[in-house]
Amino acid sequence: MIALLFALLTATMGLNYFRLTTAANVLFFITLAMSVYWFKFHATSQLTIQL
Amino acid sequence: MTPDLSRNLNALGTLAVSLVLLLAYIYQLTLYELPCPLCLLQRVGFVAVGVGLGLNLLYGARPKHYALMLIAALFGISVSVRQILLHIVPGTGHYGSPVLGYHYYTWAAICFFLILLGTAIMLMFDRQYADDTSDRPRFGGSTLAKAAFFIMLGLAALNAISTLLECGPGICADPPTDYKLIDELGTNN
């Protein structure tokens, strides 16, 4: 669910604004890990690769 | 490079990344070209770069903030290069309309490359890190930095909403044909 990634990054920016930078950094890397999961999912799915 | 000059350059960088996201939106809405999952993940990469830029705007430049930008740009360029490779063999088609001769994913790869290069260059100037922001207001009192931060924040939130409308709560269709959530809500009513 890619919409969640955008929502989490928005929340990360919000946490940074309120000086909660440690929580924001944790959230940033969780989001990035989820992004890599979805990247692997979509970049290797049969629907994407039509060669 | 003074801390103020660094903040202004970071603000300009944030506005440039915002412009990329805005142009993607304009093409999405005017040409009705829905972004594919890999295209959306490239946008995630741009917003993640915006998180690092936003930290520089809020609290002054730090190597840690630039590191977040580099990691995010590496993710973004990986996705865009992967999509270029999917279409690199002649006769395997493409996704979306070309803009000035290149497709969106090619432009995205070029943009991420420029972000990586620009961030590496910015890291070299030590004097920008002298800004002690512990007792200074957010954005160092810069209106440009404040505007750039909130534009990026707004675009991140807007992307969350538009992606939810396109993909719904589940897995994004590949390739997408319509706004899935709007269709589902329309069918139920």
# chains A, B, ... in the order shown; residues from 1 in each chain; ligands from 1
>>> interface_residues(of="chain A", to="chain B", cutoff="6 Å", atoms="only C-alpha atoms", output="list in words")
Met1, Ala3, Phe6, Ala7, Thr10 and Met13 of chain A
>>> write_last_selection(atoms="N, CA and C atoms", output="short mmCIF file (atom, residue, chain, number, x, y, z; two decimals), in the first residue's frame")
data_model
loop_
_atom_site.label_atom_id
_atom_site.label_comp_id
_atom_site.auth_asym_id
_atom_site.auth_seq_id
_atom_site.Cartn_x
_atom_site.Cartn_y
_atom_site.Cartn_z
N MET A 1 0.85 -1.20 0.00
CA MET A 1 0.00 0.00 0.00
C MET A 1 0.89 1.24 0.00
N ALA A 3 0.17 4.38 -0.65
CA ALA A 3 -0.37 5.60 -0.02
C ALA A 3 0.13 5.74 1.42
N PHE A 6 3.52 7.49 1.68
CA PHE A 6 3.43 8.96 1.65
C PHE A 6 2.92 9.50 3.00
N ALA A 7 1.94 8.80 3.57
CA ALA A 7 1.38 9.24 4.86
C ALA A 7 2.45 9.19 5.96
N THR A 10 4.86 12.02 5.48
CA THR A 10 4.23 13.26 5.95
C THR A 10 4.32 13.34 7.48
N MET A 13 7.81 14.25 8.58
CA MET A 13 8.07 15.70 8.50
C MET A 13 7.39 16.43 9.65
#
>>> residues_around(residues="Asn10 in chain B", least_positions_apart="5", cutoff="9 Å", atoms="only C-alpha atoms", output="list in words")
Leu5, Leu15, Leu53, Gly54, Asn56, Leu57, Ala61 and Ala145 of chain B
>>> write_last_selection(atoms="N, CA, C and O atoms", output="compact mmCIF listing (two decimals), in the first residue's frame")
# COMPACT_ATOMS: atom_id res chain seq x y z
N LEU B 5 23.38 30.99 3.79
CA LEU B 5 23.44 30.65 2.35
C LEU B 5 23.06 29.18 2.15
O LEU B 5 22.32 28.83 1.23
N LEU B 15 12.31 23.51 -3.21
CA LEU B 15 11.35 24.01 -4.20
C LEU B 15 11.53 23.29 -5.54
O LEU B 15 10.54 23.01 -6.23
N LEU B 53 15.86 17.41 3.28
CA LEU B 53 15.94 18.84 2.99
C LEU B 53 15.19 19.64 4.06
O LEU B 53 15.65 20.69 4.52
N GLY B 54 14.03 19.10 4.46
CA GLY B 54 13.21 19.76 5.48
C GLY B 54 13.96 19.90 6.81
O GLY B 54 13.86 20.93 7.48
N ASN B 56 17.19 20.19 7.13
CA ASN B 56 18.16 21.28 6.93
C ASN B 56 17.49 22.64 7.06
O ASN B 56 18.08 23.59 7.56
N LEU B 57 16.26 22.73 6.57
CA LEU B 57 15.53 24.00 6.65
C LEU B 57 15.14 24.30 8.09
O LEU B 57 15.24 25.44 8.56
N ALA B 61 21.87 23.05 8.43
CA ALA B 61 22.50 21.92 7.73
C ALA B 61 23.33 21.06 8.68
O ALA B 61 24.03 21.58 9.55
N ALA B 145 12.59 29.46 3.60
CA ALA B 145 12.75 28.09 4.12
C ALA B 145 11.41 27.56 4.64
O ALA B 145 11.04 26.41 4.40
>>> atom_distance(atom1="CA of Gly140 in chain B", atom2="CA of Arg7 in chain B")
8.4 Å
>>> decode(residues="range 137-156 of chain B", atoms="C-alpha atoms", output="JSON list (two decimals), in the first residue's frame")
[["chain", "number", "residue", "atom", "x", "y", "z"],
["B", 137, "PRO", "CA", 13.62, 29.60, 16.01],
["B", 138, "ARG", "CA", 12.68, 26.98, 13.43],
["B", 139, "PHE", "CA", 13.82, 27.80, 9.88],
["B", 140, "GLY", "CA", 16.34, 30.30, 11.32],
["B", 141, "GLY", "CA", 13.75, 33.01, 10.74],
["B", 142, "SER", "CA", 13.80, 32.45, 6.96],
["B", 143, "THR", "CA", 10.43, 32.89, 5.23],
["B", 144, "LEU", "CA", 11.72, 31.15, 2.08],
["B", 145, "ALA", "CA", 12.75, 28.09, 4.12],
["B", 146, "LYS", "CA", 9.37, 28.04, 5.90],
["B", 147, "ALA", "CA", 7.43, 28.30, 2.62],
["B", 148, "ALA", "CA", 9.53, 25.57, 0.97],
["B", 149, "PHE", "CA", 9.05, 23.21, 3.94],
["B", 150, "PHE", "CA", 5.27, 23.58, 3.99],
["B", 151, "ILE", "CA", 4.97, 23.25, 0.20],
["B", 152, "MET", "CA", 6.84, 19.93, 0.43],
["B", 153, "LEU", "CA", 4.72, 18.84, 3.40],
["B", 154, "GLY", "CA", 1.53, 19.69, 1.48],
["B", 155, "LEU", "CA", 2.68, 17.77, -1.60],
["B", 156, "ALA", "CA", 3.54, 14.73, 0.53]]
